[in-house]
$ cat work-v1.cif   # mmCIF, C-alpha atoms
data_entry
#
loop_
_atom_site.label_atom_id
_atom_site.label_comp_id
_atom_site.auth_asym_id
_atom_site.auth_seq_id
_atom_site.Cartn_x
_atom_site.Cartn_y
_atom_site.Cartn_z
CA MET Q 114 107.48 9.52 2.61
CA THR Q 115 107.34 12.94 4.11
CA GLU Q 116 104.55 13.76 6.49
CA THR Q 117 101.91 15.99 4.93
CA ALA Q 118 99.17 18.00 6.54
CA ALA Q 119 95.66 16.68 6.09
CA PRO Q 120 93.77 18.48 3.35
CA HIS Q 121 91.79 21.33 4.83
CA PRO Q 122 88.85 23.29 3.49
CA ALA Q 123 89.35 26.52 1.54
CA THR Q 124 89.76 29.57 3.74
CA TYR Q 125 89.98 33.33 3.31
CA THR Q 126 93.32 34.81 4.27
CA PRO Q 127 92.94 36.96 7.39
CA THR Q 128 93.95 40.60 7.08
CA ASP Q 129 94.33 43.47 9.49
CA ARG Q 130 90.69 44.34 8.84
CA THR Q 131 89.30 40.84 9.30
CA VAL Q 132 91.06 39.86 12.51
CA PRO Q 133 88.95 41.14 15.41
CA THR Q 134 90.67 43.12 18.12
CA ARG Q 135 88.96 40.95 20.73
CA SER Q 136 87.12 37.60 21.00
CA LYS Q 137 89.46 36.31 18.29
CA GLU Q 138 88.26 32.77 19.00
CA ARG Q 139 84.88 33.73 17.53
CA ALA Q 140 86.32 34.49 14.10
CA ALA Q 141 86.17 31.98 11.25
CA TYR Q 142 87.56 32.14 7.73
CA ASP Q 143 86.45 28.98 6.00
CA HIS Q 144 84.46 29.35 2.80
CA GLU Q 145 81.78 26.89 3.87
CA MET Q 146 80.89 28.78 7.03
CA VAL Q 147 80.96 32.16 5.29
CA HIS Q 148 78.82 30.92 2.41
CA SER Q 149 76.23 29.33 4.69
CA ILE Q 150 75.83 32.54 6.71
CA LEU Q 151 75.53 34.62 3.56
CA ASP Q 152 73.08 32.25 1.90
CA GLU Q 153 70.77 32.17 4.91
CA GLY Q 154 70.29 35.95 5.05
CA TYR Q 155 67.81 38.10 3.16
CA VAL Q 156 69.25 41.54 3.72
CA CYS Q 157 72.82 42.72 3.97
CA HIS Q 158 73.94 46.04 5.41
CA LEU Q 159 75.94 47.91 2.81
CA GLY Q 160 78.38 50.48 4.16
CA PHE Q 161 80.04 53.14 2.06
CA VAL Q 162 81.50 56.59 2.59
CA ARG Q 163 79.72 59.69 1.35
CA ASP Q 164 81.26 63.13 1.87
CA GLY Q 165 83.58 61.59 4.44
CA ALA Q 166 80.78 60.15 6.57
CA PRO Q 167 79.63 56.53 6.81
CA VAL Q 168 76.31 55.39 5.33
CA VAL Q 169 74.78 51.99 6.11
CA LEU Q 170 71.79 50.86 4.06
CA PRO Q 171 69.91 47.54 4.09
CA THR Q 172 69.70 45.92 0.68
CA LEU Q 173 69.09 42.58 -1.01
CA TYR Q 174 71.98 40.54 -2.34
CA GLY Q 175 72.84 37.33 -4.09
CA ARG Q 176 75.91 35.12 -4.23
CA VAL Q 177 77.46 33.34 -7.19
CA GLY Q 178 80.54 31.44 -6.10
CA GLU Q 179 82.99 33.98 -4.71
CA HIS Q 180 81.07 37.00 -5.98
CA LEU Q 181 78.45 38.91 -4.03
CA TYR Q 182 75.96 40.89 -6.11
CA LEU Q 183 73.93 43.89 -4.98
CA HIS Q 184 71.48 45.77 -7.13
CA GLY Q 185 69.51 48.93 -7.17
CA SER Q 186 68.05 51.61 -9.34
CA THR Q 187 70.60 53.26 -11.57
CA GLY Q 188 69.51 56.43 -9.75
CA SER Q 189 70.30 55.18 -6.23
CA ARG Q 190 73.15 56.78 -4.38
CA PRO Q 191 75.69 53.96 -3.94
CA LEU Q 192 75.04 52.63 -7.44
CA ARG Q 193 75.65 56.08 -8.91
CA MET Q 194 78.77 56.46 -6.79
CA ALA Q 195 80.12 53.10 -7.93
CA GLY Q 196 79.54 54.09 -11.52
CA GLN Q 197 81.23 57.45 -11.13
CA ALA Q 198 84.21 56.29 -9.17
CA ASP Q 199 86.63 54.93 -11.70
CA PRO Q 200 88.35 52.46 -9.37
CA GLY Q 201 85.03 51.36 -7.87
CA LEU Q 202 83.31 52.04 -4.56
CA PRO Q 203 84.99 50.95 -1.30
CA VAL Q 204 82.32 49.12 0.67
CA CYS Q 205 81.80 46.94 3.69
CA VAL Q 206 78.95 44.44 3.48
CA THR Q 207 77.72 42.76 6.65
CA VAL Q 208 75.15 40.00 7.14
CA THR Q 209 74.05 39.05 10.66
CA HIS Q 210 71.77 36.38 12.11
CA VAL Q 211 70.60 36.64 15.72
CA ASP Q 212 70.11 33.09 17.04
CA GLY Q 213 69.46 33.57 20.74
CA LEU Q 214 69.47 35.87 23.72
CA VAL Q 215 72.09 35.01 26.32
CA LEU Q 216 70.98 35.81 29.86
CA ALA Q 217 73.86 35.67 32.31
CA ARG Q 218 73.67 36.14 36.06
CA SER Q 219 75.62 39.39 35.70
CA ALA Q 220 74.49 42.27 33.51
CA PHE Q 221 78.02 42.43 32.13
CA HIS Q 222 77.91 38.94 30.60
CA HIS Q 223 74.59 39.34 28.84
CA SER Q 224 75.06 38.72 25.15
CA ILE Q 225 73.46 37.28 22.08
CA ASN Q 226 74.24 34.20 20.06
CA TYR Q 227 74.81 35.30 16.51
CA ARG Q 228 76.53 34.51 13.23
CA SER Q 229 77.81 37.33 11.06
CA VAL Q 230 79.91 37.81 7.96
CA VAL Q 231 81.79 40.99 7.16
CA VAL Q 232 83.11 41.57 3.63
CA HIS Q 233 85.54 44.37 2.88
CA GLY Q 234 86.33 45.35 -0.66
CA VAL Q 235 85.73 47.53 -3.66
CA ALA Q 236 82.45 47.13 -5.51
CA HIS Q 237 82.30 47.54 -9.27
CA GLN Q 238 79.34 48.02 -11.57
CA VAL Q 239 78.65 44.97 -13.69
CA THR Q 240 78.64 45.93 -17.36
CA ASP Q 241 78.67 42.50 -19.05
CA PRO Q 242 75.05 41.69 -20.00
CA ASP Q 243 75.39 37.95 -19.32
CA GLU Q 244 76.93 38.52 -15.90
CA LYS Q 245 74.22 41.07 -15.14
CA ARG Q 246 71.46 38.58 -15.98
CA GLU Q 247 73.14 35.87 -13.93
CA ALA Q 248 73.47 38.28 -11.01
CA LEU Q 249 69.79 39.29 -11.17
CA ASP Q 250 68.75 35.62 -11.26
CA ALA Q 251 70.94 35.05 -8.21
CA LEU Q 252 69.25 37.96 -6.42
CA VAL Q 253 65.79 36.49 -7.06
CA ASP Q 254 66.88 32.95 -6.21
CA HIS Q 255 68.43 34.25 -3.01
CA VAL Q 256 64.98 35.37 -1.85
CA VAL Q 257 63.35 32.07 -2.88
CA PRO Q 258 65.54 29.35 -4.40
CA GLY Q 259 64.27 28.40 -7.84
CA ARG Q 260 62.04 31.43 -8.20
CA SER Q 261 63.95 32.87 -11.17
CA TYR Q 262 62.57 29.95 -13.22
CA ASP Q 263 59.00 30.82 -12.19
CA SER Q 264 58.85 34.54 -12.97
CA ARG Q 265 59.19 36.74 -16.01
CA PRO Q 266 62.85 37.63 -16.63
CA ALA Q 267 63.83 41.28 -16.78
CA ASN Q 268 63.18 42.92 -20.13
CA ALA Q 269 65.51 45.41 -21.83
CA LYS Q 270 63.92 48.42 -20.15
CA GLU Q 271 64.16 46.85 -16.69
CA LEU Q 272 67.74 45.77 -17.29
CA ALA Q 273 68.64 49.33 -18.29
CA ALA Q 274 67.02 50.71 -15.13
CA THR Q 275 68.86 48.30 -12.84
CA ALA Q 276 72.45 48.68 -11.80
CA VAL Q 277 74.30 45.69 -10.39
CA LEU Q 278 77.38 45.84 -8.18
CA ARG Q 279 79.86 43.01 -7.83
CA LEU Q 280 81.95 42.54 -4.71
CA ASP Q 281 84.53 39.76 -4.64
CA LEU Q 282 84.63 37.56 -1.56
CA ALA Q 283 88.28 37.94 -0.74
CA GLU Q 284 88.73 39.98 2.45
CA VAL Q 285 86.09 38.17 4.46
CA SER Q 286 85.50 36.88 7.94
CA ALA Q 287 82.72 35.23 9.85
CA LYS Q 288 82.13 35.73 13.54
CA LEU Q 289 80.04 33.52 15.75
CA ARG Q 290 78.89 33.21 19.31
CA THR Q 291 77.19 30.00 20.42
CA GLY Q 292 76.39 28.30 23.70
CA GLY Q 293 75.35 29.42 27.14
CA PRO Q 294 76.33 32.33 29.35
CA ASN Q 295 79.89 32.74 30.62
CA ASP Q 296 79.38 33.87 34.17
CA GLU Q 297 82.15 34.68 36.63
CA PRO Q 298 82.88 31.87 39.13
CA GLU Q 299 81.89 34.12 42.03
CA ASP Q 300 78.44 34.70 40.48
CA LEU Q 301 77.43 31.04 40.17
CA GLY Q 302 75.50 31.13 43.45
CA LEU Q 303 73.33 34.13 42.51
CA PRO Q 304 69.58 33.43 42.44
CA HIS Q 305 68.96 34.68 38.87
CA TRP Q 306 67.70 32.34 36.16
CA THR Q 307 70.39 31.97 33.52
CA GLY Q 308 70.45 30.44 30.09
CA VAL Q 309 69.60 31.11 26.48
CA LEU Q 310 66.33 32.16 24.89
CA PRO Q 311 66.53 30.84 21.31
CA LEU Q 312 64.89 32.85 18.54
CA ARG Q 313 62.49 30.91 16.37
CA LYS Q 314 62.56 31.48 12.66
CA GLY Q 315 60.24 30.29 9.97
CA TYR Q 316 57.43 31.29 7.68
CA ASN Q 317 53.73 31.85 7.99
CA ALA Q 318 51.31 30.70 5.30
CA PRO Q 319 51.81 32.43 1.93
CA ILE Q 320 49.41 35.33 1.28
CA PRO Q 321 48.25 35.34 -2.35
CA ALA Q 322 48.13 38.70 -4.13
CA THR Q 323 44.62 40.12 -4.26
CA ASP Q 324 44.71 39.96 -8.05
CA LEU Q 325 45.99 36.38 -8.28
CA ALA Q 326 43.94 34.48 -10.84
CA PRO Q 327 41.88 31.57 -9.47
CA GLY Q 328 43.45 28.18 -9.98
CA ILE Q 329 47.08 29.21 -9.52
CA GLU Q 330 48.22 27.14 -6.58
CA VAL Q 331 51.04 27.81 -4.12
CA PRO Q 332 54.13 26.34 -5.78
CA ASP Q 333 55.97 23.42 -4.25
CA TYR Q 334 59.08 25.49 -3.54
CA LEU Q 335 56.99 27.60 -1.14
CA ALA Q 336 54.95 24.76 0.32
CA ILE Q 337 58.06 23.07 1.67
CA LEU Q 338 59.27 26.15 3.54
CA MET E 222 38.80 81.95 15.78
CA THR E 223 41.56 81.19 13.36
CA GLU E 224 41.80 77.76 11.89
CA THR E 225 44.62 75.75 13.38
CA ALA E 226 46.23 72.57 12.17
CA ALA E 227 45.43 69.47 14.15
CA PRO E 228 48.18 68.57 16.61
CA HIS E 229 50.53 66.08 14.99
CA PRO E 230 53.04 63.67 16.49
CA ALA E 231 56.68 64.63 16.98
CA THR E 232 58.80 64.11 13.90
CA TYR E 233 62.46 64.24 12.95
CA THR E 234 63.36 66.96 10.48
CA PRO E 235 64.35 65.44 7.13
CA THR E 236 67.83 66.29 5.86
CA ASP E 237 69.69 65.67 2.65
CA ARG E 238 70.95 62.41 4.16
CA THR E 239 67.59 61.15 5.39
CA VAL E 240 65.49 61.80 2.28
CA PRO E 241 65.85 58.77 0.00
CA THR E 242 66.73 59.37 -3.64
CA ARG E 243 63.92 57.00 -4.64
CA SER E 244 60.78 55.40 -3.14
CA LYS E 245 60.31 58.57 -1.10
CA GLU E 246 56.83 57.41 -0.16
CA ARG E 247 58.41 54.68 1.94
CA ALA E 248 60.19 57.13 4.25
CA ALA E 249 58.79 58.08 7.66
CA TYR E 250 60.03 60.55 10.23
CA ASP E 251 57.69 60.27 13.20
CA HIS E 252 59.23 59.43 16.55
CA GLU E 253 56.72 56.72 17.33
CA MET E 254 57.48 54.71 14.20
CA VAL E 255 61.25 55.16 14.58
CA HIS E 256 61.18 54.17 18.26
CA SER E 257 59.06 51.08 17.62
CA ILE E 258 61.43 49.83 14.91
CA LEU E 259 64.47 50.48 17.09
CA ASP E 260 62.93 48.87 20.16
CA GLU E 261 61.99 45.69 18.32
CA GLY E 262 65.52 44.96 17.10
CA TYR E 263 68.32 43.15 18.85
CA VAL E 264 71.29 44.12 16.73
CA CYS E 265 72.10 47.33 14.93
CA HIS E 266 74.69 47.69 12.18
CA LEU E 267 77.20 50.33 13.19
CA GLY E 268 79.02 52.02 10.34
CA PHE E 269 82.12 54.13 10.74
CA VAL E 270 85.10 55.12 8.63
CA ARG E 271 88.53 53.69 9.29
CA ASP E 272 91.51 54.75 7.17
CA GLY E 273 89.07 56.19 4.65
CA ALA E 274 87.17 52.92 4.19
CA PRO E 275 83.75 51.97 5.56
CA VAL E 276 83.37 49.42 8.35
CA VAL E 277 80.01 47.89 9.31
CA LEU E 278 79.79 45.83 12.49
CA PRO E 279 76.77 44.26 14.19
CA THR E 280 76.39 45.30 17.81
CA LEU E 281 73.85 45.48 20.62
CA TYR E 282 72.21 48.76 21.51
CA GLY E 283 69.72 50.34 23.85
CA ARG E 284 67.51 53.42 23.66
CA VAL E 285 66.73 55.97 26.37
CA GLY E 286 64.40 58.61 25.00
CA GLU E 287 66.18 60.29 22.13
CA HIS E 288 69.56 58.73 22.87
CA LEU E 289 70.87 55.51 21.38
CA TYR E 290 73.58 53.74 23.37
CA LEU E 291 76.13 51.26 22.07
CA HIS E 292 78.75 49.57 24.15
CA GLY E 293 81.87 47.55 23.79
CA SER E 294 85.21 46.74 25.28
CA THR E 295 87.35 49.80 25.86
CA GLY E 296 89.78 47.97 23.56
CA SER E 297 87.40 47.61 20.62
CA ARG E 298 88.09 49.59 17.48
CA PRO E 299 85.15 52.00 17.22
CA LEU E 300 85.11 52.64 20.96
CA ARG E 301 88.81 53.49 20.90
CA MET E 302 88.29 55.69 17.87
CA ALA E 303 85.41 57.55 19.54
CA GLY E 304 87.60 58.15 22.55
CA GLN E 305 90.52 59.39 20.50
CA ALA E 306 88.58 61.59 18.15
CA ASP E 307 88.04 64.81 20.02
CA PRO E 308 84.82 65.80 18.25
CA GLY E 309 83.46 62.25 18.42
CA LEU E 310 83.10 59.48 15.86
CA PRO E 311 80.89 60.04 12.79
CA VAL E 312 78.66 56.99 12.56
CA CYS E 313 75.64 55.62 10.79
CA VAL E 314 73.53 53.14 12.76
CA THR E 315 70.96 51.02 10.93
CA VAL E 316 68.34 48.60 12.28
CA THR E 317 66.35 46.45 9.85
CA HIS E 318 63.49 43.96 10.22
CA VAL E 319 62.59 41.67 7.35
CA ASP E 320 58.86 40.98 7.53
CA GLY E 321 58.10 39.11 4.33
CA LEU E 322 59.28 37.98 0.93
CA VAL E 323 57.45 39.64 -1.95
CA LEU E 324 57.09 37.37 -4.98
CA ALA E 325 55.97 39.27 -8.05
CA ARG E 326 55.17 37.82 -11.45
CA SER E 327 58.22 39.58 -12.86
CA ALA E 328 61.73 39.07 -11.52
CA PHE E 329 62.14 42.85 -11.53
CA HIS E 330 59.38 43.46 -8.99
CA HIS E 331 60.53 40.90 -6.46
CA SER E 332 61.15 42.61 -3.16
CA ILE E 333 60.91 42.21 0.57
CA ASN E 334 58.64 43.79 3.11
CA TYR E 335 60.83 45.45 5.70
CA ARG E 336 61.08 48.19 8.26
CA SER E 337 64.37 49.96 8.82
CA VAL E 338 65.74 52.93 10.70
CA VAL E 339 68.89 54.79 9.71
CA VAL E 340 70.53 57.17 12.19
CA HIS E 341 73.28 59.56 11.11
CA GLY E 342 75.32 61.42 13.64
CA VAL E 343 78.40 61.72 15.75
CA ALA E 344 78.84 59.28 18.61
CA HIS E 345 80.50 60.36 21.84
CA GLN E 346 81.90 58.31 24.69
CA VAL E 347 79.78 58.56 27.80
CA THR E 348 81.88 59.70 30.73
CA ASP E 349 79.24 60.53 33.36
CA PRO E 350 79.00 57.47 35.68
CA ASP E 351 75.24 57.78 36.21
CA GLU E 352 74.53 58.04 32.50
CA LYS E 353 76.84 55.11 31.87
CA ARG E 354 74.95 52.93 34.36
CA GLU E 355 71.61 53.99 32.90
CA ALA E 356 72.88 53.19 29.41
CA LEU E 357 74.11 49.73 30.44
CA ASP E 358 70.75 48.99 32.09
CA ALA E 359 69.06 50.07 28.85
CA LEU E 360 71.29 47.72 26.88
CA VAL E 361 70.35 44.76 29.09
CA ASP E 362 66.67 45.69 29.16
CA HIS E 363 66.73 46.02 25.39
CA VAL E 364 67.59 42.32 25.14
CA VAL E 365 64.92 41.32 27.69
CA PRO E 366 62.75 44.05 29.22
CA GLY E 367 63.08 44.06 32.99
CA ARG E 368 66.17 41.89 33.03
CA SER E 369 68.40 44.60 34.53
CA TYR E 370 66.43 44.17 37.77
CA ASP E 371 67.11 40.41 37.76
CA SER E 372 70.87 40.31 37.27
CA ARG E 373 73.94 41.51 39.10
CA PRO E 374 74.77 45.11 38.12
CA ALA E 375 78.19 45.86 36.70
CA ASN E 376 80.89 46.29 39.32
CA ALA E 377 83.67 48.89 39.22
CA LYS E 378 86.04 46.66 37.27
CA GLU E 379 83.39 45.82 34.66
CA LEU E 380 82.37 49.46 34.34
CA ALA E 381 85.98 50.41 33.75
CA ALA E 382 86.34 47.76 31.05
CA THR E 383 83.20 48.87 29.22
CA ALA E 384 83.00 51.89 26.98
CA VAL E 385 79.61 53.32 26.11
CA LEU E 386 78.83 55.47 23.08
CA ARG E 387 75.90 57.86 22.91
CA LEU E 388 74.30 58.81 19.62
CA ASP E 389 71.50 61.36 19.61
CA LEU E 390 68.40 60.57 17.61
CA ALA E 391 68.26 63.72 15.52
CA GLU E 392 69.09 62.96 11.90
CA VAL E 393 66.88 59.91 11.61
CA SER E 394 64.54 58.27 9.15
CA ALA E 395 62.50 55.11 8.95
CA LYS E 396 61.79 53.31 5.72
CA LEU E 397 59.09 50.71 5.22
CA ARG E 398 57.68 48.47 2.57
CA THR E 399 54.39 46.68 3.23
CA GLY E 400 51.75 44.95 1.16
CA GLY E 401 51.73 42.76 -1.90
CA PRO E 402 53.66 42.78 -5.16
CA ASN E 403 53.40 45.68 -7.59
CA ASP E 404 53.31 43.95 -10.93
CA GLU E 405 53.08 45.67 -14.28
CA PRO E 406 49.57 45.69 -15.79
CA GLU E 407 50.78 43.67 -18.78
CA ASP E 408 52.06 40.92 -16.46
CA LEU E 409 48.79 40.26 -14.62
CA GLY E 410 47.88 37.37 -16.90
CA LEU E 411 51.13 35.48 -16.36
CA PRO E 412 50.73 32.02 -14.81
CA HIS E 413 53.13 32.52 -11.89
CA TRP E 414 51.90 32.38 -8.29
CA THR E 415 52.30 35.82 -6.74
CA GLY E 416 51.98 37.10 -3.21
CA VAL E 417 53.88 37.47 0.03
CA LEU E 418 55.59 34.87 2.17
CA PRO E 419 55.53 36.33 5.70
CA LEU E 420 58.42 35.59 8.01
CA ARG E 421 57.45 34.17 11.38
CA LYS E 422 59.23 35.44 14.46
CA GLY E 423 59.13 34.22 17.98
CA TYR E 424 61.01 32.27 20.61
CA ASN E 425 61.65 28.66 21.38
CA ALA E 426 61.63 27.34 24.93
CA PRO E 427 64.34 28.83 27.16
CA ILE E 428 67.43 26.61 27.57
CA PRO E 429 68.71 26.74 31.15
CA ALA E 430 72.47 27.03 31.65
CA THR E 431 74.07 23.68 32.44
CA ASP E 432 75.18 25.05 35.82
CA LEU E 433 71.81 26.53 36.81
CA ALA E 434 70.99 25.55 40.37
CA PRO E 435 67.91 23.34 40.82
CA GLY E 436 64.79 25.19 41.88
CA ILE E 437 65.41 28.39 39.92
CA GLU E 438 62.40 28.60 37.63
CA VAL E 439 62.06 30.40 34.31
CA PRO E 440 61.05 33.96 35.22
CA ASP E 441 57.67 35.35 34.23
CA TYR E 442 59.22 37.92 31.89
CA LEU E 443 60.51 35.04 29.76
CA ALA E 444 57.47 32.79 30.10
CA ILE E 445 55.25 35.37 28.44
CA LEU E 446 57.47 35.68 25.35
#

$ encode --input "work-v1.cif" --output "structure tokens"
Amino acid sequence: MTETAAPHPATYTPTDRTVPTRSKERAAYDHEMVHSILDEGYVCHLGFVRDGAPVVLPTLYGRVGEHLYLHGSTGSRPLRMAGQADPGLPVCVTVTHVDGLVLARSAFHHSINYRSVVVHGVAHQVTDPDEKREALDALVDHVVPGRSYDSRPANAKELAATAVLRLDLAEVSAKLRTGGPNDEPEDLGLPHWTGVLPLRKGYNAPIPATDLAPGIEVPDYLAIL
Amino acid sequence: MTETAAPHPATYTPTDRTVPTRSKERAAYDHEMVHSILDEGYVCHLGFVRDGAPVVLPTLYGRVGEHLYLHGSTGSRPLRMAGQADPGLPVCVTVTHVDGLVLARSAFHHSINYRSVVVHGVAHQVTDPDEKREALDALVDHVVPGRSYDSRPANAKELAATAVLRLDLAEVSAKLRTGGPNDEPEDLGLPHWTGVLPLRKGYNAPIPATDLAPGIEVPDYLAIL
């Protein structure tokens, strides 16, 4: 029998754009890591080029397998641009979580612990009605998992007013920093406190809409958050 | 006496790039609002154009008055590009806070409550040594206010390895969504729970570095967080 490599998880193929110029050890390409970072976020930062200059806008997103979906009014700038541009709209979509503040003894080594995903690619408007509905469900379920089953689906007028962009997860990388400060050996005797201040994340109690009818209780999918 | 307008706070002049194509009522241009959103963030998303395509990277920043400072290794891509490009590097810098999840009765009206700032402009490398030191202090103090006084300042070698970009706050806008869902009148009788799930933010207990000398206590500026 020939020796075979152990099976390894699916990974994105690194490209010139997804290999960082420094801190290469912080980069990751496995699907599982990328998906978990994407799924934990609420807002991505969508970058595109307008009149030769960069534009970065925060926007909601959803993921279905290896597709990322963004949406917006059919009148919004990037959605219009993606519709006009025959070959699609070149974009860069970035999602970042800040996990902790890293306080080193030296100013130079101050940092943050974070996890980010950067997706490069060309976004296309979704024209297939079934894919569009699936994408919009994914956008709602990305905000609160299961919520698409507990809300009124988009009607024809709303569907017509909403444009959806699809971006394939192909040229993708994650980048992470974890752990404590990396001080220089000669700084270890300095008197400054050093360590990590972790950021706490969670939810406060749901605030019912002022016009919520009496008797409609907070659903289980919110109570467990 | 002639009637005079009441004094109003300083504002940024709207431009074609900073007036949104929709939800114009969510845009704000006053310095105070923009500064407060910037000062509360840890990471901005820096957009620039490379080989005609957009790139969006998360990075730390600091603010001194009407200047935003970013920093990085002199070897990092945008810093190199800003140094090479004689007139500077066209950038878009965006900072976003997600404050709550907005659950409407209709899928269409799901949203998030957020505050964001978008800065358009041209970033230049800082070459003046005093400004560079001030910018690096601002970057450290942005992570933890006052921390620059309780850490070793950058030495000559570290200063030489660090490039700092300055971006003037001139073409700037804030955008905000607050409050509950905006459901259609015909949806008010639907049985779905509706309201806002606020995100909680804060800090967990500081984690000392494993090599922290005994007797160095958590400083007051962390204990109050």

$ closest_residue --input "work-v1.cif" --among "Q:Asp263, Q:Arg228, Q:Asp254, Q:Asp129" --to "Val331 (chain Q)" --atoms "only C-alpha atoms"
Q:Asp263

$ closest_atom_pairs --input "work-v1.cif" --of "chain E" --to "chain Q" --cutoff "6 Å" --atoms "all atoms listed in the file" --output "Markdown table"
| residue | atom | partner | partner_atom | distance |
| --- | --- | --- | --- | --- |
| E:Gly268 | CA | Q:Pro167 | CA | 5.8 |
| E:Phe269 | CA | Q:Pro167 | CA | 5.2 |
| E:Val270 | CA | Q:Pro167 | CA | 5.9 |
| E:Pro275 | CA | Q:Phe161 | CA | 5.2 |
| E:Val276 | CA | Q:Cys205 | CA | 5.5 |
| E:Val277 | CA | Q:Cys205 | CA | 6.0 |
| E:Val312 | CA | Q:Pro167 | CA | 5.8 |
| E:Cys313 | CA | Q:Val168 | CA | 5.5 |
| E:Arg326 | CA | Q:Ser264 | CA | 5.2 |
| E:Ser327 | CA | Q:Arg265 | CA | 4.4 |
| E:Ala328 | CA | Q:Pro266 | CA | 5.4 |
| E:Phe329 | CA | Q:Ala267 | CA | 5.7 |
| E:Ser372 | CA | Q:Ser219 | CA | 5.1 |
| E:Arg373 | CA | Q:Ser219 | CA | 4.3 |
| E:Pro374 | CA | Q:Ala220 | CA | 5.4 |
| E:Ala375 | CA | Q:Phe221 | CA | 5.7 |
| E:Gly401 | CA | Q:Ala322 | CA | 5.9 |
| E:Trp414 | CA | Q:Ile329 | CA | 5.9 |
| E:Thr415 | CA | Q:Ala322 | CA | 5.7 |
| E:Gly416 | CA | Q:Pro321 | CA | 4.2 |
| E:Val417 | CA | Q:Ile320 | CA | 5.1 |
| E:Leu418 | CA | Q:Pro319 | CA | 4.5 |
| E:Pro419 | CA | Q:Asn317 | CA | 5.3 |
| E:Leu420 | CA | Q:Tyr316 | CA | 4.4 |
| E:Arg421 | CA | Q:Tyr316 | CA | 4.7 |
| E:Lys422 | CA | Q:Lys314 | CA | 5.5 |
| E:Gly423 | CA | Q:Arg313 | CA | 5.0 |
| E:Tyr424 | CA | Q:Leu312 | CA | 4.4 |
| E:Asn425 | CA | Q:Pro311 | CA | 5.3 |
| E:Pro427 | CA | Q:Leu310 | CA | 4.5 |
| E:Ile428 | CA | Q:Val309 | CA | 5.1 |
| E:Pro429 | CA | Q:Gly308 | CA | 4.2 |
| E:Ala430 | CA | Q:Gly308 | CA | 4.3 |
| E:Ile437 | CA | Q:Trp306 | CA | 5.9 |

$ write_last_selection --input "work-v1.cif" --atoms "C-alpha atoms" --output "CSV table (one decimal), keeping the file's coordinate frame"
chain,number,residue,atom,x,y,z
E,268,GLY,CA,79.0,52.0,10.3
E,269,PHE,CA,82.1,54.1,10.7
E,270,VAL,CA,85.1,55.1,8.6
E,275,PRO,CA,83.8,52.0,5.6
E,276,VAL,CA,83.4,49.4,8.4
E,277,VAL,CA,80.0,47.9,9.3
E,312,VAL,CA,78.7,57.0,12.6
E,313,CYS,CA,75.6,55.6,10.8
E,326,ARG,CA,55.2,37.8,-11.4
E,327,SER,CA,58.2,39.6,-12.9
E,328,ALA,CA,61.7,39.1,-11.5
E,329,PHE,CA,62.1,42.8,-11.5
E,372,SER,CA,70.9,40.3,37.3
E,373,ARG,CA,73.9,41.5,39.1
E,374,PRO,CA,74.8,45.1,38.1
E,375,ALA,CA,78.2,45.9,36.7
E,401,GLY,CA,51.7,42.8,-1.9
E,414,TRP,CA,51.9,32.4,-8.3
E,415,THR,CA,52.3,35.8,-6.7
E,416,GLY,CA,52.0,37.1,-3.2
E,417,VAL,CA,53.9,37.5,0.0
E,418,LEU,CA,55.6,34.9,2.2
E,419,PRO,CA,55.5,36.3,5.7
E,420,LEU,CA,58.4,35.6,8.0
E,421,ARG,CA,57.4,34.2,11.4
E,422,LYS,CA,59.2,35.4,14.5
E,423,GLY,CA,59.1,34.2,18.0
E,424,TYR,CA,61.0,32.3,20.6
E,425,ASN,CA,61.6,28.7,21.4
E,427,PRO,CA,64.3,28.8,27.2
E,428,ILE,CA,67.4,26.6,27.6
E,429,PRO,CA,68.7,26.7,31.2
E,430,ALA,CA,72.5,27.0,31.6
E,437,ILE,CA,65.4,28.4,39.9

$ resolve_selection --input "work-v1.cif" --expression "the PyMOL selection byres ((chain E and resi 390-396) around 9)" --output "number ranges by chain"
E: 233-236, 238-241, 245-251, 254-255, 258, 286-289, 335-342, 388-389, 397-398

$ closest_residue --input "work-v1.cif" --among "E:His256, E:Arg284, E:Lys378, E:Arg301" --to "Ala359 (chain E)" --atoms "all atoms listed in the file"
E:Arg284

$ axis_aligned_box --input "work-v1.cif" --around "region 213-219 of chain Q" --padding-each-side "8 Å" --output "AutoDock Vina command-line options"
--center_x 72.5 --center_y 36.5 --center_z 28.4 --size_x 22.2 --size_y 21.8 --size_z 31.3

$ atom_distance --input "work-v1.cif" --atom1 "CA of Gly175 (chain Q)" --atom2 "CA of Ala248 (chain Q)"
7.0 Å

$ atom_distance --input "work-v1.cif" --atom1 "CA of Ser149 (chain Q)" --atom2 "CA of Thr291 (chain Q)"
15.8 Å

$ atom_distance --input "work-v1.cif" --atom1 "CA of His237 (chain Q)" --atom2 "CA of Val277 (chain Q)"
8.3 Å

$ resolve_selection --input "work-v1.cif" --expression "the PyMOL selection byres ((chain Q and resi 183) around 6)" --output "ChimeraX atom specification"
/Q:174,182,184,277-278
